[in-house]
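Colleague: Enclosed is the structure file data34.cif (mmCIF, C-alpha atoms, pLDDT in the B column; chains and numbers go by the auth columns).
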```
data_work
loop_
_atom_site.group_PDB
_atom_site.id
_atom_site.type_symbol
_atom_site.label_atom_id
_atom_site.label_comp_id
_atom_site.label_asym_id
_atom_site.label_seq_id
_atom_site.Cartn_x
_atom_site.Cartn_y
_atom_site.Cartn_z
_atom_site.B_iso_or_equiv
_atom_site.auth_seq_id
_atom_site.auth_asym_id
ATOM 1 C CA MET A 1 -0.746 -15.922 1.072 97.00 1 A
ATOM 2 C CA ILE A 2 1.135 -14.275 -1.794 98.00 2 A
ATOM 3 C CA LEU A 3 1.889 -10.582 -2.339 98.00 3 A
ATOM 4 C CA ARG A 4 3.284 -8.928 -5.460 98.00 4 A
ATOM 5 C CA THR A 5 3.434 -5.239 -6.248 98.00 5 A
ATOM 6 C CA LEU A 6 2.456 -4.327 -9.805 98.00 6 A
ATOM 7 C CA ALA A 7 3.611 -0.730 -9.257 98.00 7 A
ATOM 8 C CA SER A 8 4.683 1.326 -6.253 98.00 8 A
ATOM 9 C CA GLY A 9 5.470 5.039 -6.099 95.00 9 A
ATOM 10 C CA SER A 10 4.085 8.511 -6.634 88.00 10 A
ATOM 11 C CA SER A 11 3.405 7.679 -10.298 91.00 11 A
ATOM 12 C CA GLY A 12 1.170 4.716 -9.516 96.00 12 A
ATOM 13 C CA ASN A 13 0.350 2.024 -6.967 98.00 13 A
ATOM 14 C CA CYS A 14 -1.152 -1.436 -7.358 98.00 14 A
ATOM 15 C CA VAL A 15 -0.714 -4.539 -5.204 98.00 15 A
ATOM 16 C CA LEU A 16 -1.857 -8.123 -5.847 98.00 16 A
ATOM 17 C CA ILE A 17 -2.800 -10.384 -2.933 98.00 17 A
ATOM 18 C CA GLN A 18 -3.603 -14.065 -3.530 98.00 18 A
ATOM 19 C CA SER A 19 -4.824 -16.810 -1.246 97.00 19 A
ATOM 20 C CA GLY A 20 -6.146 -19.984 -2.810 95.00 20 A
ATOM 21 C CA ALA A 21 -8.686 -19.005 -5.463 96.00 21 A
ATOM 22 C CA THR A 22 -8.993 -15.450 -4.099 98.00 22 A
ATOM 23 C CA ALA A 23 -7.149 -12.695 -5.964 98.00 23 A
ATOM 24 C CA LEU A 24 -7.434 -9.084 -4.856 98.00 24 A
ATOM 25 C CA LEU A 25 -5.925 -5.843 -6.032 98.00 25 A
ATOM 26 C CA VAL A 26 -5.236 -3.113 -3.535 98.00 26 A
ATOM 27 C CA ASP A 27 -5.478 0.070 -5.618 98.00 27 A
ATOM 28 C CA ALA A 28 -5.306 0.383 -9.400 98.00 28 A
ATOM 29 C CA GLY A 29 -3.174 3.466 -9.922 97.00 29 A
ATOM 30 C CA VAL A 30 -1.495 2.556 -13.223 98.00 30 A
ATOM 31 C CA SER A 31 -2.919 2.002 -16.688 97.00 31 A
ATOM 32 C CA CYS A 32 -5.215 -0.899 -17.490 96.00 32 A
ATOM 33 C CA ARG A 33 -2.596 -2.092 -19.983 97.00 33 A
ATOM 34 C CA LYS A 34 0.090 -2.329 -17.320 98.00 34 A
ATOM 35 C CA ILE A 35 -2.258 -3.979 -14.837 98.00 35 A
ATOM 36 C CA THR A 36 -3.350 -6.536 -17.419 97.00 36 A
ATOM 37 C CA GLN A 37 0.222 -7.286 -18.538 98.00 37 A
ATOM 38 C CA ARG A 38 1.461 -7.748 -14.984 98.00 38 A
ATOM 39 C CA LEU A 39 -1.513 -9.860 -13.963 98.00 39 A
ATOM 40 C CA LYS A 40 -0.821 -12.054 -17.004 98.00 40 A
ATOM 41 C CA ALA A 41 2.751 -12.501 -15.782 98.00 41 A
ATOM 42 C CA CYS A 42 1.204 -13.814 -12.546 97.00 42 A
ATOM 43 C CA GLY A 43 -1.004 -16.228 -14.463 97.00 43 A
ATOM 44 C CA LEU A 44 -4.149 -14.120 -14.088 97.00 44 A
ATOM 45 C CA GLN A 45 -6.555 -12.055 -16.164 96.00 45 A
ATOM 46 C CA PRO A 46 -8.513 -9.074 -14.774 97.00 46 A
ATOM 47 C CA GLU A 47 -11.633 -11.283 -14.949 96.00 47 A
ATOM 48 C CA ASP A 48 -10.038 -13.563 -12.325 97.00 48 A
ATOM 49 C CA LEU A 49 -10.020 -10.827 -9.686 98.00 49 A
ATOM 50 C CA THR A 50 -12.297 -11.328 -6.686 98.00 50 A
ATOM 51 C CA GLY A 51 -12.339 -7.581 -6.071 98.00 51 A
ATOM 52 C CA ILE A 52 -10.358 -4.358 -5.800 98.00 52 A
ATOM 53 C CA LEU A 53 -9.730 -2.591 -2.492 98.00 53 A
ATOM 54 C CA ILE A 54 -9.114 1.156 -2.779 98.00 54 A
ATOM 55 C CA THR A 55 -7.121 2.943 -0.085 98.00 55 A
ATOM 56 C CA HIS A 56 -8.060 6.476 -1.185 98.00 56 A
ATOM 57 C CA GLU A 57 -9.004 8.545 -4.223 97.00 57 A
ATOM 58 C CA HIS A 58 -5.698 10.101 -5.288 97.00 58 A
ATOM 59 C CA THR A 59 -4.883 9.537 -8.946 96.00 59 A
ATOM 60 C CA ASP A 60 -1.846 7.368 -8.277 97.00 60 A
ATOM 61 C CA HIS A 61 -4.210 4.862 -6.647 98.00 61 A
ATOM 62 C CA VAL A 62 -7.215 4.900 -9.024 97.00 62 A
ATOM 63 C CA ALA A 63 -5.942 5.930 -12.485 96.00 63 A
ATOM 64 C CA GLY A 64 -6.579 2.545 -14.103 96.00 64 A
ATOM 65 C CA LEU A 65 -10.132 1.975 -12.895 96.00 65 A
ATOM 66 C CA ASN A 66 -12.140 3.489 -15.761 93.00 66 A
ATOM 67 C CA VAL A 67 -10.593 1.400 -18.522 95.00 67 A
ATOM 68 C CA LEU A 68 -10.183 -1.691 -16.363 96.00 68 A
ATOM 69 C CA LEU A 69 -13.915 -1.782 -15.604 95.00 69 A
ATOM 70 C CA LYS A 70 -15.340 -0.953 -19.023 91.00 70 A
ATOM 71 C CA ARG A 71 -15.972 -4.588 -19.968 85.00 71 A
ATOM 72 C CA ARG A 72 -15.547 -6.298 -16.610 92.00 72 A
ATOM 73 C CA GLU A 73 -17.710 -6.770 -13.537 92.00 73 A
ATOM 74 C CA ILE A 74 -15.217 -6.395 -10.699 96.00 74 A
ATOM 75 C CA PRO A 75 -16.497 -5.139 -7.319 97.00 75 A
ATOM 76 C CA ILE A 76 -14.656 -2.136 -5.896 97.00 76 A
ATOM 77 C CA TYR A 77 -14.477 -1.757 -2.108 98.00 77 A
ATOM 78 C CA ALA A 78 -13.873 1.701 -0.657 98.00 78 A
ATOM 79 C CA THR A 79 -14.961 3.978 2.176 98.00 79 A
ATOM 80 C CA ALA A 80 -17.852 6.427 1.829 96.00 80 A
ATOM 81 C CA GLY A 81 -15.678 9.469 1.235 96.00 81 A
ATOM 82 C CA THR A 82 -13.515 7.613 -1.255 97.00 82 A
ATOM 83 C CA CYS A 83 -16.554 6.199 -3.089 97.00 83 A
ATOM 84 C CA GLN A 84 -18.004 9.679 -3.571 96.00 84 A
ATOM 85 C CA ILE A 85 -14.877 11.083 -5.207 96.00 85 A
ATOM 86 C CA VAL A 86 -14.004 7.930 -7.180 96.00 86 A
ATOM 87 C CA ALA A 87 -17.497 7.982 -8.695 95.00 87 A
ATOM 88 C CA GLN A 88 -16.810 11.522 -9.910 94.00 88 A
ATOM 89 C CA LYS A 89 -13.263 10.887 -11.149 91.00 89 A
ATOM 90 C CA CYS A 90 -13.967 7.449 -12.657 91.00 90 A
ATOM 91 C CA PRO A 91 -17.615 7.382 -13.828 92.00 91 A
ATOM 92 C CA VAL A 92 -17.418 3.792 -15.070 92.00 92 A
ATOM 93 C CA ALA A 93 -16.427 2.685 -11.562 91.00 93 A
ATOM 94 C CA ALA A 94 -19.602 4.099 -9.977 91.00 94 A
ATOM 95 C CA ALA A 95 -21.710 1.020 -10.706 92.00 95 A
ATOM 96 C CA HIS A 96 -19.086 -1.268 -9.184 95.00 96 A
ATOM 97 C CA LEU A 97 -18.547 0.533 -5.868 97.00 97 A
ATOM 98 C CA MET A 98 -19.211 -1.305 -2.608 97.00 98 A
ATOM 99 C CA MET A 99 -19.136 1.070 0.369 97.00 99 A
ATOM 100 C CA ILE A 100 -17.336 -0.005 3.552 97.00 100 A
ATOM 101 C CA PRO A 101 -16.831 1.825 6.860 95.00 101 A
ATOM 102 C CA SER A 102 -13.343 3.214 7.461 93.00 102 A
ATOM 103 C CA SER A 103 -13.088 0.843 10.432 93.00 103 A
ATOM 104 C CA SER A 104 -14.576 -2.412 9.170 92.00 104 A
ATOM 105 C CA TYR A 105 -14.194 -6.167 9.079 94.00 105 A
ATOM 106 C CA PHE A 106 -15.602 -8.312 6.268 97.00 106 A
ATOM 107 C CA GLU A 107 -15.106 -11.534 4.335 97.00 107 A
ATOM 108 C CA LEU A 108 -13.941 -11.404 0.734 97.00 108 A
ATOM 109 C CA GLY A 109 -13.413 -14.767 -0.935 96.00 109 A
ATOM 110 C CA GLU A 110 -11.105 -16.812 1.272 96.00 110 A
ATOM 111 C CA LEU A 111 -9.780 -13.772 3.114 98.00 111 A
ATOM 112 C CA THR A 112 -10.909 -11.640 6.017 98.00 112 A
ATOM 113 C CA VAL A 113 -10.327 -7.944 5.352 98.00 113 A
ATOM 114 C CA THR A 114 -9.886 -5.353 8.099 97.00 114 A
ATOM 115 C CA ALA A 115 -9.944 -1.728 6.960 98.00 115 A
ATOM 116 C CA PHE A 116 -8.411 0.864 9.256 97.00 116 A
ATOM 117 C CA PRO A 117 -8.270 4.678 8.923 97.00 117 A
ATOM 118 C CA THR A 118 -4.936 6.233 7.990 98.00 118 A
ATOM 119 C CA PRO A 119 -3.774 9.856 8.477 98.00 119 A
ATOM 120 C CA HIS A 120 -3.479 11.273 4.958 97.00 120 A
ATOM 121 C CA ASP A 121 -4.828 14.326 3.136 96.00 121 A
ATOM 122 C CA ALA A 122 -7.526 12.385 1.321 96.00 122 A
ATOM 123 C CA SER A 123 -11.263 12.190 1.855 93.00 123 A
ATOM 124 C CA ASP A 124 -11.451 8.920 3.805 95.00 124 A
ATOM 125 C CA SER A 125 -8.102 7.112 3.541 97.00 125 A
ATOM 126 C CA VAL A 126 -7.593 3.572 4.861 98.00 126 A
ATOM 127 C CA GLY A 127 -5.074 0.760 5.034 98.00 127 A
ATOM 128 C CA TYR A 128 -5.896 -2.944 4.964 98.00 128 A
ATOM 129 C CA LEU A 129 -5.056 -6.041 6.977 98.00 129 A
ATOM 130 C CA LEU A 130 -5.852 -9.269 5.109 98.00 130 A
ATOM 131 C CA SER A 131 -5.886 -12.670 6.788 98.00 131 A
ATOM 132 C CA ASP A 132 -6.496 -16.272 5.738 97.00 132 A
ATOM 133 C CA GLY A 133 -7.090 -17.285 9.353 95.00 133 A
ATOM 134 C CA GLU A 134 -3.484 -18.320 9.972 96.00 134 A
ATOM 135 C CA ARG A 135 -1.370 -15.636 8.295 97.00 135 A
ATOM 136 C CA SER A 136 -1.906 -11.957 7.640 98.00 136 A
ATOM 137 C CA VAL A 137 -0.618 -9.195 5.370 98.00 137 A
ATOM 138 C CA ALA A 138 -0.908 -5.467 6.103 98.00 138 A
ATOM 139 C CA ILE A 139 -0.781 -2.685 3.522 98.00 139 A
ATOM 140 C CA ALA A 140 -0.167 0.852 4.767 96.00 140 A
ATOM 141 C CA THR A 141 1.083 3.563 2.437 94.00 141 A
ATOM 142 C CA ASP A 142 0.303 7.306 2.327 96.00 142 A
ATOM 143 C CA LEU A 143 0.742 7.809 6.057 96.00 143 A
ATOM 144 C CA GLY A 144 1.523 11.112 7.688 96.00 144 A
ATOM 145 C CA GLU A 145 2.281 9.414 10.988 97.00 145 A
ATOM 146 C CA ILE A 146 1.900 6.139 12.868 98.00 146 A
ATOM 147 C CA ASN A 147 -0.739 6.399 15.587 97.00 147 A
ATOM 148 C CA ASP A 148 -1.591 3.943 18.363 97.00 148 A
ATOM 149 C CA TYR A 149 -4.542 2.466 16.471 96.00 149 A
ATOM 150 C CA ILE A 150 -2.388 1.647 13.449 97.00 150 A
ATOM 151 C CA ARG A 151 0.246 0.131 15.735 97.00 151 A
ATOM 152 C CA GLU A 152 -2.352 -2.113 17.339 96.00 152 A
ATOM 153 C CA ILE A 153 -3.923 -3.263 14.051 96.00 153 A
ATOM 154 C CA MET A 154 -0.669 -3.923 12.206 97.00 154 A
ATOM 155 C CA ALA A 155 1.147 -5.655 15.071 96.00 155 A
ATOM 156 C CA ASP A 156 -0.658 -8.841 14.008 90.00 156 A
ATOM 157 C CA ALA A 157 0.763 -8.862 10.458 98.00 157 A
ATOM 158 C CA ASP A 158 3.277 -11.453 9.270 98.00 158 A
ATOM 159 C CA LEU A 159 4.164 -9.382 6.190 98.00 159 A
ATOM 160 C CA VAL A 160 3.883 -5.587 5.947 98.00 160 A
ATOM 161 C CA LEU A 161 3.907 -3.388 2.853 98.00 161 A
ATOM 162 C CA LEU A 162 5.031 -0.128 4.449 98.00 162 A
ATOM 163 C CA GLU A 163 5.550 3.356 3.095 98.00 163 A
ATOM 164 C CA ALA A 164 9.108 4.724 3.112 98.00 164 A
ATOM 165 C CA ASN A 165 8.372 7.742 0.981 98.00 165 A
ATOM 166 C CA HIS A 166 11.197 10.196 1.457 98.00 166 A
ATOM 167 C CA ASP A 167 14.520 11.151 2.946 98.00 167 A
ATOM 168 C CA ILE A 168 14.059 14.451 4.775 98.00 168 A
ATOM 169 C CA PRO A 169 17.357 16.089 3.691 98.00 169 A
ATOM 170 C CA MET A 170 16.699 15.116 0.052 98.00 170 A
ATOM 171 C CA LEU A 171 13.195 16.562 0.288 98.00 171 A
ATOM 172 C CA ARG A 172 14.395 19.811 1.884 97.00 172 A
ATOM 173 C CA THR A 173 17.132 20.388 -0.695 97.00 173 A
ATOM 174 C CA GLY A 174 15.251 19.004 -3.689 95.00 174 A
ATOM 175 C CA PRO A 175 13.055 20.578 -6.387 95.00 175 A
ATOM 176 C CA TYR A 176 9.740 20.592 -4.517 97.00 176 A
ATOM 177 C CA PRO A 177 8.327 24.000 -3.518 97.00 177 A
ATOM 178 C CA TYR A 178 8.147 24.810 0.179 97.00 178 A
ATOM 179 C CA LEU A 179 4.378 24.296 0.543 97.00 179 A
ATOM 180 C CA LEU A 180 4.570 20.857 -1.053 97.00 180 A
ATOM 181 C CA GLN A 181 7.447 19.957 1.251 98.00 181 A
ATOM 182 C CA GLU A 182 5.353 20.987 4.244 97.00 182 A
ATOM 183 C CA ARG A 183 2.413 18.903 3.014 97.00 183 A
ATOM 184 C CA ILE A 184 4.601 15.803 2.645 97.00 184 A
ATOM 185 C CA LEU A 185 6.214 16.315 6.059 98.00 185 A
ATOM 186 C CA GLY A 186 2.911 16.981 7.820 97.00 186 A
ATOM 187 C CA VAL A 187 0.866 14.563 9.918 97.00 187 A
ATOM 188 C CA MET A 188 -1.479 14.057 6.933 97.00 188 A
ATOM 189 C CA GLY A 189 1.351 13.610 4.439 97.00 189 A
ATOM 190 C CA HIS A 190 3.818 10.782 3.868 98.00 190 A
ATOM 191 C CA LEU A 191 6.128 8.644 5.991 98.00 191 A
ATOM 192 C CA CYS A 192 9.882 9.324 5.923 98.00 192 A
ATOM 193 C CA ASN A 193 12.533 6.599 6.029 98.00 193 A
ATOM 194 C CA GLU A 194 13.286 7.133 9.720 98.00 194 A
ATOM 195 C CA ALA A 195 9.622 6.879 10.734 98.00 195 A
ATOM 196 C CA ALA A 196 9.257 3.717 8.651 98.00 196 A
ATOM 197 C CA ALA A 197 12.364 2.302 10.330 98.00 197 A
ATOM 198 C CA GLU A 198 11.072 3.055 13.824 98.00 198 A
ATOM 199 C CA PHE A 199 7.746 1.377 13.027 98.00 199 A
ATOM 200 C CA ALA A 200 9.492 -1.614 11.440 98.00 200 A
ATOM 201 C CA VAL A 201 11.411 -2.184 14.676 98.00 201 A
ATOM 202 C CA TYR A 202 8.155 -2.121 16.645 98.00 202 A
ATOM 203 C CA LEU A 203 6.484 -4.568 14.249 98.00 203 A
ATOM 204 C CA ALA A 204 9.489 -6.906 14.204 98.00 204 A
ATOM 205 C CA GLN A 205 9.400 -6.968 18.005 97.00 205 A
ATOM 206 C CA ASN A 206 5.865 -8.311 17.674 96.00 206 A
ATOM 207 C CA LYS A 207 4.943 -10.699 14.820 95.00 207 A
ATOM 208 C CA THR A 208 6.183 -9.299 11.518 98.00 208 A
ATOM 209 C CA LYS A 209 8.829 -11.301 9.677 98.00 209 A
ATOM 210 C CA SER A 210 8.851 -9.602 6.252 98.00 210 A
ATOM 211 C CA PHE A 211 8.804 -5.958 5.146 98.00 211 A
ATOM 212 C CA VAL A 212 8.298 -4.552 1.663 98.00 212 A
ATOM 213 C CA LEU A 213 9.162 -0.843 1.556 98.00 213 A
ATOM 214 C CA ALA A 214 6.805 0.973 -0.794 98.00 214 A
ATOM 215 C CA HIS A 215 5.655 4.281 -2.285 98.00 215 A
ATOM 216 C CA LEU A 216 9.193 5.693 -2.523 98.00 216 A
ATOM 217 C CA SER A 217 9.469 9.186 -3.964 97.00 217 A
ATOM 218 C CA LYS A 218 11.413 9.304 -7.218 95.00 218 A
ATOM 219 C CA GLU A 219 12.777 12.782 -6.426 96.00 219 A
ATOM 220 C CA ASN A 220 13.271 12.528 -2.669 97.00 220 A
ATOM 221 C CA ASN A 221 14.455 8.994 -1.968 97.00 221 A
ATOM 222 C CA THR A 222 16.322 6.022 -3.397 98.00 222 A
ATOM 223 C CA PRO A 223 15.720 2.286 -2.907 98.00 223 A
ATOM 224 C CA GLU A 224 19.235 1.925 -1.523 98.00 224 A
ATOM 225 C CA LEU A 225 18.757 4.696 1.039 98.00 225 A
ATOM 226 C CA ALA A 226 15.336 3.504 2.206 98.00 226 A
ATOM 227 C CA TYR A 227 16.629 -0.030 2.633 98.00 227 A
ATOM 228 C CA ALA A 228 19.755 1.127 4.466 98.00 228 A
ATOM 229 C CA VAL A 229 17.842 3.241 7.003 98.00 229 A
ATOM 230 C CA VAL A 230 15.313 0.515 7.811 98.00 230 A
ATOM 231 C CA ALA A 231 17.865 -2.301 7.849 98.00 231 A
ATOM 232 C CA ASP A 232 20.211 -0.328 10.105 98.00 232 A
ATOM 233 C CA ALA A 233 17.449 0.344 12.633 98.00 233 A
ATOM 234 C CA LEU A 234 16.552 -3.354 12.681 98.00 234 A
ATOM 235 C CA LYS A 235 20.243 -4.250 13.044 98.00 235 A
ATOM 236 C CA GLN A 236 20.691 -1.845 15.944 98.00 236 A
ATOM 237 C CA ALA A 237 17.730 -3.534 17.654 98.00 237 A
ATOM 238 C CA ASN A 238 19.238 -6.994 17.001 98.00 238 A
ATOM 239 C CA LEU A 239 16.272 -7.881 14.780 98.00 239 A
ATOM 240 C CA LEU A 240 17.686 -7.852 11.249 97.00 240 A
ATOM 241 C CA GLU A 241 18.636 -11.529 11.225 96.00 241 A
ATOM 242 C CA ARG A 242 15.030 -12.462 12.073 95.00 242 A
ATOM 243 C CA VAL A 243 13.312 -10.572 9.260 98.00 243 A
ATOM 244 C CA ASN A 244 13.406 -10.010 5.517 98.00 244 A
ATOM 245 C CA VAL A 245 13.467 -6.490 4.060 98.00 245 A
ATOM 246 C CA ALA A 246 12.867 -5.673 0.385 98.00 246 A
ATOM 247 C CA VAL A 247 11.989 -2.582 -1.629 98.00 247 A
ATOM 248 C CA ALA A 248 9.087 -2.592 -4.097 98.00 248 A
ATOM 249 C CA PRO A 249 10.112 -1.566 -7.637 98.00 249 A
ATOM 250 C CA ARG A 250 8.575 1.612 -8.998 96.00 250 A
ATOM 251 C CA ASP A 251 7.089 0.540 -12.321 95.00 251 A
ATOM 252 C CA GLU A 252 7.446 -3.179 -12.780 96.00 252 A
ATOM 253 C CA LEU A 253 6.227 -6.421 -11.260 98.00 253 A
ATOM 254 C CA SER A 254 7.983 -7.241 -7.998 98.00 254 A
ATOM 255 C CA GLN A 255 9.332 -10.529 -6.815 97.00 255 A
ATOM 256 C CA THR A 256 6.881 -12.854 -5.103 98.00 256 A
ATOM 257 C CA PHE A 257 6.521 -12.531 -1.330 98.00 257 A
ATOM 258 C CA VAL A 258 4.986 -15.537 0.437 97.00 258 A
ATOM 259 C CA VAL A 259 3.719 -15.860 4.011 95.00 259 A
#
```
As structure tokens, please, write out the structure in this file.
Modeller:
Amino acid sequence: MILRTLASGSSGNCVLIQSGATALLVDAGVSCRKITQRLKACGLQPEDLTGILITHEHTDHVAGLNVLLKRREIPIYATAGTCQIVAQKCPVAAAHLMMIPSSSYFELGELTVTAFPTPHDASDSVGYLLSDGERSVAIATDLGEINDYIREIMADADLVLLEANHDIPMLRTGPYPYLLQERILGVMGHLCNEAAAEFAVYLAQNKTKSFVLAHLSKENNTPELAYAVVADALKQANLLERVNVAVAPRDELSQTFVV
């Protein structure tokens, strides 16, 4: 299985997962032009996509759908609450929507997809675990907290794309108004570096061998700081030498991650 991020951050999110002839996007939160250019760099065209999995309806996860789907028949998989709002925000996408339960398990090309609910201030937000039968990749961004159900689902992942959205001191002293700070810090908000680090230790103690830190805030975090916090926690637990840690770039194609 191969993972590449096409974009990752508050300005847009899009992830490519490939296994054999199956190619999936998780979210399409940047322009169709950027998605097409970055798929081309991976040797793909939008027409080659098996489908698009949507985590939730926020603009930084769906902004590219309308233009991307104007001349292409690509199925879009999303939960009921997400489908309802995406159909309103992206009218062209309405005809392509395939509704899935927020806790579901289904086959898509050569992959098995498990959707699991995530705590975020969206209508019906989910993360995804994708497996080829031998290896698995989990994608979990936009998380206010890590609950027991998420721990159980993601403990089986070999590679995890995990939110490390903000540094709390940077957020508290930065330009965001107080109410927005409280939203981000809340249990339906976003995951801070320390929470990501704690979860990474748990996952590394189970099966996970590779982490890609994602959805970093431009104003309230840095790639260097997110990496340092997570790597230090893994080092303190004597796990760093067993795993790989990388940070997804904000607005360009990432390196290739293989499991």
Colleague: Between CA of Ser8 (chain A) and CA of Glu252 (chain A), measure the distance and give it in Å to one decimal.
Modeller: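 CA of Ser8 (chain A) sits 8.4 Å away from CA of Glu252 (chain A).
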Colleague: Identify, on the basis of all atoms listed in the file, every residue whose closest approach to region 26-40 of chain A does not exceed 7 Å; exclude the query and any residue fewer than 2 positions from it along the same chain; express the result as JSON, numbers by chain.
Modeller: {"A": [6, 12, 13, 14, 15, 16, 24, 42, 43, 44, 45, 46, 52, 53, 54, 55, 59, 60, 61, 62, 63, 64, 65, 67, 68, 253]}
Colleague: Deliver the residues from the most recent selection as a file, using C-alpha atoms, as a compact mmCIF listing (two decimals), in the coordinates of the input.
Modeller:
```
# COMPACT_ATOMS: atom_id res chain seq x y z
CA LEU A 6 2.46 -4.33 -9.80
CA GLY A 12 1.17 4.72 -9.52
CA ASN A 13 0.35 2.02 -6.97
CA CYS A 14 -1.15 -1.44 -7.36
CA VAL A 15 -0.71 -4.54 -5.20
CA LEU A 16 -1.86 -8.12 -5.85
CA LEU A 24 -7.43 -9.08 -4.86
CA CYS A 42 1.20 -13.81 -12.55
CA GLY A 43 -1.00 -16.23 -14.46
CA LEU A 44 -4.15 -14.12 -14.09
CA GLN A 45 -6.56 -12.06 -16.16
CA PRO A 46 -8.51 -9.07 -14.77
CA ILE A 52 -10.36 -4.36 -5.80
CA LEU A 53 -9.73 -2.59 -2.49
CA ILE A 54 -9.11 1.16 -2.78
CA THR A 55 -7.12 2.94 -0.08
CA THR A 59 -4.88 9.54 -8.95
CA ASP A 60 -1.85 7.37 -8.28
CA HIS A 61 -4.21 4.86 -6.65
CA VAL A 62 -7.22 4.90 -9.02
CA ALA A 63 -5.94 5.93 -12.48
CA GLY A 64 -6.58 2.54 -14.10
CA LEU A 65 -10.13 1.98 -12.90
CA VAL A 67 -10.59 1.40 -18.52
CA LEU A 68 -10.18 -1.69 -16.36
CA LEU A 253 6.23 -6.42 -11.26
```
Colleague: How many Å lie between CA of Val245 (chain A) and CA of Ser131 (chain A), rounded to one decimal?
Modeller: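 Pair CA of Val245 (chain A) / CA of Ser131 (chain A) returns 20.5 Å.
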Colleague: Could you give me, as number ranges by chain, the residues within 10 Å of Ile139 (chain A), counting all atoms listed in the file and dropping anything in the same chain fewer than 6 positions from it?
Modeller: A: 15, 26, 55, 115, 126-130, 154, 157, 159-163, 212, 214
Colleague: What does the structure give for the distance between CA of Thr256 (chain A) and CA of Lys207 (chain A), in Å to one decimal?
Modeller: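 One can read the CA of Thr256 (chain A) to CA of Lys207 (chain A) distance as 20.1 Å.
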Colleague: Provide an axis-aligned box for all listed atoms of region 200-211 of chain A, padding each side by 8 Å; report its centre and its edge lengths in Å to one decimal, as lines of an AutoDock Vina configuration file.
Modeller:
```
center_x = 8.2
center_y = -6.5
center_z = 11.6
size_x = 22.5
size_y = 25.7
size_z = 28.9
```
Colleague: Tell me, as a list in words, which residues lie within 10 Å of region 106-111 of chain A, counting all atoms listed in the file; anything in the same chain fewer than 2 positions away does not count.
Modeller: Met1, Ile17, Gln18, Ser19, Gly20, Ala21, Thr22, Ala23, Leu24, Thr50, Gly51, Ile100, Ser104, Val113, Thr114, Ala115, Leu129, Leu130, Ser131, Asp132, Gly133 and Ser136 of chain A
Colleague: For this file, the PyMOL selection byres ((chain A and resi 78) around 6) selects which residues, as an MDAnalysis selection string?
Modeller: chainID A and resid 54 77 79 82:83 99:100
Colleague: Using only C-alpha atoms, which residues sit within 8 Å of Asn165 (chain A) once same-chain residues fewer than 6 positions away are excluded, as number ranges by chain?
Modeller: A: 190-193, 214-217, 220-221
Colleague: Hey, what's within 10 Å of Arg72 (chain A) if we count only C-alpha atoms and toss same-chain stuff fewer than 2 positions away? As a list in words, please?
Modeller: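 The neighbour list is Pro46, Glu47, Leu49, Val67, Leu68, Leu69, Lys70, Ile74, Pro75 and His96 of chain A.
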Colleague: What would the file look like if the residues just selected were written as a CSV table (one decimal), in the coordinates of the input with C-alpha atoms?
Modeller:
```
chain,number,residue,atom,x,y,z
A,46,PRO,CA,-8.5,-9.1,-14.8
A,47,GLU,CA,-11.6,-11.3,-14.9
A,49,LEU,CA,-10.0,-10.8,-9.7
A,67,VAL,CA,-10.6,1.4,-18.5
A,68,LEU,CA,-10.2,-1.7,-16.4
A,69,LEU,CA,-13.9,-1.8,-15.6
A,70,LYS,CA,-15.3,-1.0,-19.0
A,74,ILE,CA,-15.2,-6.4,-10.7
A,75,PRO,CA,-16.5,-5.1,-7.3
A,96,HIS,CA,-19.1,-1.3,-9.2
```
Colleague: Could you check which of A:Lys89, A:Arg151, A:His120, A:Arg183 is closest to Tyr202 (chain A), using all atoms listed in the file?
Modeller: A:Arg151
Colleague: Expanded to explicit residues, what is the PyMOL selection byres ((chain A and resi 185) around 12) for this file, as JSON, numbers by chain?
Modeller: {"A": [120, 121, 142, 143, 144, 145, 165, 166, 167, 168, 169, 171, 172, 176, 178, 179, 180, 181, 182, 183, 184, 186, 187, 188, 189, 190, 191, 192, 193, 195, 220]}
Colleague: Check which residues satisfy the PyMOL selection byres ((chain A and resi 208) around 9) in the file shown, then give them as a PyMOL selection string.
Modeller: chain A and resi 154-160+200+203-207+209-211+243
